[in-house]
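Peer 1: Let me begin by handing over the structure; questions about it come next.
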Amino acid sequence: KQEVTQIPAALSVPEGENLVLNCSFTDSAIYNLQWFRQDPGKGLTSLLLIQSSQREQTSGRLNASLDKSSGRSTLYIAASQPGDSATYLCAAGGAAGNKLTFGGGTRVLVKP
Amino acid sequence: DAGITQSPRYKITETGRQVTLMCHQTWSHSYMFWYRQDLGHGLRLIYYSAAADITDKGEVPDGYVVSRSKTENFPLTLESATRSQTSVYFCASSLPGNSPLHFGNGTRLTVT
């Protein structure tokens, strides 16, 4: 059974600092790895999807890497802003990629 | 507007009552999902559907029933609500394969 872990559960950084968010998974036979953002009282918003054959994916200030052999993915957010404050969740896609197993999330606070 | 809509946003019901949570998407995505989100347990898959009239159990299906007679709708029914079913419920949809999940804004259900 796939298990996904995100450590730390929360972190606080000053504005402008780069954010590094970690995600680990136990079963390397994933179809993809997805990162989401969740604001309080809202649903999840898809940020990046890394296919199992890819090593990284980029969108603007966001970059996500994937190392299947070590069971790790990392989300980098460059030059953080207060608007980046949210909870970030990673999820491992299983067979056919459509069923996701979620980590518990990392709650991020970017201080002005 | 195109998207995925959940209703109601908030619901309070009594133990033993039947309650149905609605989910409607306008993208014609073939896959639809129901997750529940609880502190300490994160997001857990209840049921999913690969197409109209095709549904399957997720990680925590007991006490729930789903149907999918039309591609765009995927209602979730709690046949006899229990306090342990107090949670935030999220509906999501996606295309097949390496496609990101799109989430609704959730339904906060309280069972008294």
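A note on labels: chains of the structure tokens are A, B, ... as shown, every chain counts residues from 1, and ligands are counted from 1 in their shown order.
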Fewer than 4 positions away in the same chain doesn't count, so skip those; otherwise give me all residues within 8 Å of Thr20 (chain B), counting only C-alpha atoms, as a list in words.
Peer 2: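 Here the answer would be Pro75, Leu76, Thr77 and Leu78 of chain B.
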Peer 1: Once you count only C-alpha atoms, which residues of chain B turn out to be within 12 Å of chain A? Could you give them as a PDB file with C-alpha atoms, in the first residue's frame?
Peer 2:
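Dumped to selection09.pdb:
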```pdb
ATOM      1  CA  ILE B   4     -16.768  21.473 -10.806  1.00  0.00           C
ATOM      2  CA  THR B   5     -19.548  22.424  -8.432  1.00  0.00           C
ATOM      3  CA  GLN B   6     -20.444  20.830  -5.131  1.00  0.00           C
ATOM      4  CA  ARG B   9     -21.435  23.924   0.832  1.00  0.00           C
ATOM      5  CA  TYR B  10     -22.483  23.244   4.405  1.00  0.00           C
ATOM      6  CA  HIS B  29     -14.062  14.453 -17.672  1.00  0.00           C
ATOM      7  CA  SER B  30     -14.429  10.688 -17.635  1.00  0.00           C
ATOM      8  CA  TYR B  31     -12.987  10.205 -14.143  1.00  0.00           C
ATOM      9  CA  MET B  32     -14.680  11.484 -11.001  1.00  0.00           C
ATOM     10  CA  PHE B  33     -13.719  10.981  -7.375  1.00  0.00           C
ATOM     11  CA  TRP B  34     -14.980  11.526  -3.839  1.00  0.00           C
ATOM     12  CA  TYR B  35     -12.467  12.253  -1.073  1.00  0.00           C
ATOM     13  CA  ARG B  36     -12.942  13.094   2.568  1.00  0.00           C
ATOM     14  CA  GLN B  37     -10.504  15.305   4.450  1.00  0.00           C
ATOM     15  CA  ASP B  38     -10.019  14.926   8.188  1.00  0.00           C
ATOM     16  CA  LEU B  39      -7.429  16.275  10.606  1.00  0.00           C
ATOM     17  CA  GLY B  40      -4.899  13.580  11.263  1.00  0.00           C
ATOM     18  CA  HIS B  41      -5.956  11.472   8.276  1.00  0.00           C
ATOM     19  CA  GLY B  42      -5.488  13.827   5.365  1.00  0.00           C
ATOM     20  CA  LEU B  43      -7.394  13.159   2.147  1.00  0.00           C
ATOM     21  CA  ARG B  44      -8.772   9.660   1.720  1.00  0.00           C
ATOM     22  CA  LEU B  45     -10.499   8.255  -1.362  1.00  0.00           C
ATOM     23  CA  ILE B  46     -14.077   7.063  -0.806  1.00  0.00           C
ATOM     24  CA  TYR B  47     -15.252   6.082  -4.296  1.00  0.00           C
ATOM     25  CA  TYR B  48     -14.287   6.803  -7.845  1.00  0.00           C
ATOM     26  CA  SER B  49     -15.754   6.384 -11.290  1.00  0.00           C
ATOM     27  CA  ALA B  50     -13.980   5.849 -14.604  1.00  0.00           C
ATOM     28  CA  ASP B  56     -15.371   1.367  -7.718  1.00  0.00           C
ATOM     29  CA  LYS B  57     -14.445   1.506  -4.057  1.00  0.00           C
ATOM     30  CA  GLY B  58     -11.608   3.530  -2.691  1.00  0.00           C
ATOM     31  CA  GLU B  59      -9.887   3.338   0.672  1.00  0.00           C
ATOM     32  CA  VAL B  88     -15.147  17.871   4.620  1.00  0.00           C
ATOM     33  CA  TYR B  89     -16.012  16.073   1.393  1.00  0.00           C
ATOM     34  CA  PHE B  90     -14.309  16.913  -1.893  1.00  0.00           C
ATOM     35  CA  CYS B  91     -15.348  15.904  -5.352  1.00  0.00           C
ATOM     36  CA  ALA B  92     -12.732  15.855  -8.116  1.00  0.00           C
ATOM     37  CA  SER B  93     -12.525  15.028 -11.790  1.00  0.00           C
ATOM     38  CA  SER B  94      -9.866  14.342 -14.380  1.00  0.00           C
ATOM     39  CA  LEU B  95      -9.197  13.090 -17.866  1.00  0.00           C
ATOM     40  CA  PRO B  96      -7.682   9.605 -18.180  1.00  0.00           C
ATOM     41  CA  GLY B  97      -3.935   9.067 -17.927  1.00  0.00           C
ATOM     42  CA  ASN B  98      -1.453  11.746 -16.892  1.00  0.00           C
ATOM     43  CA  SER B  99      -3.939  14.505 -16.200  1.00  0.00           C
ATOM     44  CA  PRO B 100      -4.221  16.624 -13.079  1.00  0.00           C
ATOM     45  CA  LEU B 101      -7.158  16.340 -10.710  1.00  0.00           C
ATOM     46  CA  HIS B 102      -9.539  19.273 -10.508  1.00  0.00           C
ATOM     47  CA  PHE B 103     -11.313  19.745  -7.191  1.00  0.00           C
ATOM     48  CA  GLY B 104     -14.556  21.348  -6.121  1.00  0.00           C
ATOM     49  CA  ASN B 105     -14.677  23.661  -3.105  1.00  0.00           C
ATOM     50  CA  GLY B 106     -15.963  20.960  -0.806  1.00  0.00           C
ATOM     51  CA  THR B 107     -18.970  20.251   1.383  1.00  0.00           C
ATOM     52  CA  ARG B 108     -18.547  20.578   5.139  1.00  0.00           C
TER      53      ARG B 108
END
```
Peer 1: Skip Arg17 (chain B) itself and residues of its chain fewer than 5 positions away, then list as JSON, numbers by chain all residues within 12 Å of it, counting only C-alpha atoms.
Peer 2: {"B": [12, 63, 77, 78, 79, 80, 81, 82, 83, 85, 110, 111, 112]}
Peer 1: From a DSSP pass on the backbone, collect the residues of chain A flagged as helix (DSSP H, G or I) and hand them back as number ranges by chain.
Peer 2: A: 82-84, 95-97
Peer 1: Would you mind exporting C-alpha atoms of the selected residues as a compact mmCIF listing (two decimals), in the first residue's frame?
Peer 2:
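Generated file (again-v2.txt):
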```
# COMPACT_ATOMS: atom_id res chain seq x y z
CA PRO A 82 2.94 36.39 1.35
CA GLY A 83 0.44 35.18 -1.25
CA ASP A 84 2.24 31.83 -1.29
CA ALA A 95 -2.00 2.45 -11.81
CA ALA A 96 -3.29 4.53 -14.73
CA GLY A 97 -2.47 7.56 -12.62
```
Peer 1: Between B:Asn73, B:Ser7, B:Thr55, B:Ser87, which is the closest to Gln25 (chain B) once you count only C-alpha atoms?
Peer 2: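 For Gln25 (chain B), the nearest of the candidates is B:Asn73.
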Peer 1: Using DSSP secondary structure from the backbone, list all strand (DSSP E or B) positions within chain B, as number ranges by chain.
Peer 2: B: 4-7, 10-13, 19-25, 31-38, 42-51, 54-57, 64-66, 73, 76-78, 87-94, 102-103, 107-111
Peer 1: Need the shell around region 9-24 of chain A: protein/DNA/RNA residues with any atom at most 8 Å away, counting only C-alpha atoms. Skip same-chain ones fewer than 5 positions apart. Format as a short mmCIF file (atom, residue, chain, number, x, y, z; two decimals) with all heavy atoms, in the first residue's frame?
Peer 2:
```cif
data_model
loop_
_atom_site.label_atom_id
_atom_site.label_comp_id
_atom_site.auth_asym_id
_atom_site.auth_seq_id
_atom_site.Cartn_x
_atom_site.Cartn_y
_atom_site.Cartn_z
N VAL A 4 2.37 8.17 1.63
CA VAL A 4 3.00 9.43 1.24
C VAL A 4 3.15 10.30 2.48
O VAL A 4 2.20 10.47 3.24
CB VAL A 4 2.17 10.16 0.18
CG1 VAL A 4 2.84 11.46 -0.23
CG2 VAL A 4 1.97 9.27 -1.05
N GLY A 71 12.32 7.53 -3.83
CA GLY A 71 10.97 7.77 -3.33
C GLY A 71 10.76 9.19 -2.84
O GLY A 71 10.12 9.41 -1.81
N ARG A 72 11.30 10.16 -3.58
CA ARG A 72 11.21 11.55 -3.12
C ARG A 72 10.81 12.50 -4.25
O ARG A 72 11.20 12.32 -5.40
CB ARG A 72 12.54 12.02 -2.55
CG ARG A 72 12.96 11.31 -1.29
CD ARG A 72 14.32 11.87 -0.80
NE ARG A 72 14.84 11.10 0.32
CZ ARG A 72 14.49 11.27 1.57
NH1 ARG A 72 13.61 12.21 1.89
NH2 ARG A 72 15.01 10.53 2.53
N SER A 73 10.07 13.52 -3.84
CA SER A 73 9.79 14.65 -4.72
C SER A 73 9.97 15.92 -3.90
O SER A 73 9.70 15.93 -2.70
CB SER A 73 8.38 14.59 -5.28
OG SER A 73 8.10 15.73 -6.08
N THR A 74 10.45 16.96 -4.55
CA THR A 74 10.67 18.24 -3.88
C THR A 74 10.03 19.34 -4.69
O THR A 74 10.20 19.40 -5.92
CB THR A 74 12.17 18.51 -3.70
OG1 THR A 74 12.76 17.43 -2.97
CG2 THR A 74 12.38 19.80 -2.93
N LEU A 75 9.31 20.21 -4.01
CA LEU A 75 8.72 21.40 -4.64
C LEU A 75 9.52 22.62 -4.19
O LEU A 75 9.66 22.85 -2.99
CB LEU A 75 7.25 21.56 -4.26
CG LEU A 75 6.55 22.80 -4.81
CD1 LEU A 75 6.44 22.72 -6.34
CD2 LEU A 75 5.16 22.97 -4.20
N TYR A 76 10.05 23.34 -5.16
CA TYR A 76 10.79 24.57 -4.88
C TYR A 76 9.93 25.76 -5.31
O TYR A 76 9.40 25.78 -6.43
CB TYR A 76 12.10 24.62 -5.68
CG TYR A 76 13.04 23.48 -5.41
CD1 TYR A 76 12.97 22.31 -6.17
CD2 TYR A 76 14.00 23.57 -4.42
CE1 TYR A 76 13.84 21.26 -5.94
CE2 TYR A 76 14.89 22.53 -4.18
CZ TYR A 76 14.79 21.37 -4.94
OH TYR A 76 15.66 20.33 -4.72
N ILE A 77 9.80 26.73 -4.42
CA ILE A 77 9.13 27.98 -4.76
C ILE A 77 10.14 29.09 -4.59
O ILE A 77 10.62 29.33 -3.47
CB ILE A 77 7.89 28.23 -3.89
CG1 ILE A 77 6.92 27.05 -4.01
CG2 ILE A 77 7.20 29.53 -4.30
CD1 ILE A 77 5.68 27.17 -3.13
N ALA A 78 10.48 29.75 -5.69
CA ALA A 78 11.50 30.79 -5.66
C ALA A 78 10.91 32.11 -5.17
O ALA A 78 9.77 32.45 -5.46
CB ALA A 78 12.09 30.97 -7.04
N ALA A 79 11.75 32.85 -4.42
CA ALA A 79 11.40 34.21 -4.00
C ALA A 79 9.98 34.27 -3.44
O ALA A 79 9.09 34.92 -4.02
CB ALA A 79 11.56 35.17 -5.17
N SER A 80 9.78 33.61 -2.31
CA SER A 80 8.42 33.47 -1.76
C SER A 80 7.77 34.82 -1.47
O SER A 80 8.44 35.83 -1.18
CB SER A 80 8.47 32.64 -0.48
OG SER A 80 9.26 33.29 0.49
N GLN A 81 6.44 34.83 -1.58
CA GLN A 81 5.63 36.03 -1.34
C GLN A 81 4.55 35.69 -0.32
O GLN A 81 4.18 34.52 -0.17
CB GLN A 81 4.97 36.46 -2.65
CG GLN A 81 5.93 36.71 -3.78
CD GLN A 81 5.24 36.84 -5.13
OE1 GLN A 81 4.01 36.73 -5.23
NE2 GLN A 81 6.01 37.09 -6.17
N PRO A 82 4.01 36.68 0.38
CA PRO A 82 2.94 36.39 1.35
C PRO A 82 1.76 35.63 0.72
O PRO A 82 1.12 34.81 1.38
CB PRO A 82 2.53 37.78 1.84
CG PRO A 82 3.79 38.58 1.72
CD PRO A 82 4.46 38.08 0.47
N CYS A 90 1.26 16.92 -1.67
CA CYS A 90 1.71 16.10 -2.79
C CYS A 90 0.88 14.82 -2.82
O CYS A 90 0.29 14.42 -1.80
CB CYS A 90 3.19 15.77 -2.69
SG CYS A 90 3.64 14.68 -1.33
N GLY A 103 -0.27 12.96 0.65
CA GLY A 103 0.44 13.22 1.88
C GLY A 103 -0.40 14.12 2.77
O GLY A 103 -1.45 14.63 2.36
N GLY A 104 0.07 14.32 3.99
CA GLY A 104 -0.68 15.11 4.95
C GLY A 104 -0.58 16.62 4.75
O GLY A 104 -1.34 17.37 5.35
N GLY A 105 0.35 17.04 3.88
CA GLY A 105 0.47 18.46 3.59
C GLY A 105 1.49 19.18 4.45
O GLY A 105 1.82 18.74 5.56
N THR A 106 2.00 20.28 3.91
CA THR A 106 2.87 21.20 4.65
C THR A 106 2.21 22.56 4.65
O THR A 106 1.95 23.11 3.57
CB THR A 106 4.27 21.29 4.03
OG1 THR A 106 4.92 20.01 4.12
CG2 THR A 106 5.12 22.35 4.75
N ARG A 107 1.94 23.09 5.82
CA ARG A 107 1.32 24.42 5.93
C ARG A 107 2.43 25.46 5.93
O ARG A 107 3.32 25.43 6.78
CB ARG A 107 0.48 24.52 7.19
CG ARG A 107 -0.36 25.76 7.28
CD ARG A 107 -1.35 25.72 8.43
NE ARG A 107 -0.69 25.75 9.72
CZ ARG A 107 -0.57 24.73 10.53
NH1 ARG A 107 -1.07 23.53 10.19
NH2 ARG A 107 0.02 24.84 11.71
N VAL A 108 2.37 26.37 4.97
CA VAL A 108 3.43 27.37 4.78
C VAL A 108 2.91 28.75 5.14
O VAL A 108 1.83 29.15 4.71
CB VAL A 108 3.92 27.35 3.31
CG1 VAL A 108 4.84 28.53 3.03
CG2 VAL A 108 4.61 26.03 3.00
N LEU A 109 3.72 29.49 5.88
CA LEU A 109 3.43 30.89 6.18
C LEU A 109 4.61 31.72 5.72
O LEU A 109 5.75 31.48 6.15
CB LEU A 109 3.20 31.10 7.67
CG LEU A 109 2.99 32.55 8.12
CD1 LEU A 109 1.72 33.12 7.49
CD2 LEU A 109 2.92 32.66 9.64
N VAL A 110 4.36 32.65 4.83
CA VAL A 110 5.38 33.57 4.35
C VAL A 110 5.14 34.91 5.02
O VAL A 110 4.12 35.56 4.77
CB VAL A 110 5.37 33.70 2.83
CG1 VAL A 110 6.47 34.67 2.37
CG2 VAL A 110 5.53 32.35 2.16
N LYS A 111 6.08 35.34 5.85
CA LYS A 111 5.92 36.57 6.61
C LYS A 111 6.44 37.77 5.83
O LYS A 111 7.55 37.74 5.31
CB LYS A 111 6.66 36.46 7.93
CG LYS A 111 6.12 35.38 8.85
CD LYS A 111 6.92 35.35 10.14
CE LYS A 111 6.37 34.29 11.10
NZ LYS A 111 7.17 34.22 12.34
N PRO A 112 5.63 38.85 5.79
CA PRO A 112 6.07 40.05 5.05
C PRO A 112 7.30 40.70 5.72
O PRO A 112 7.49 40.58 6.93
CB PRO A 112 4.87 41.00 5.12
CG PRO A 112 3.74 40.18 5.58
CD PRO A 112 4.29 39.00 6.33
#
```
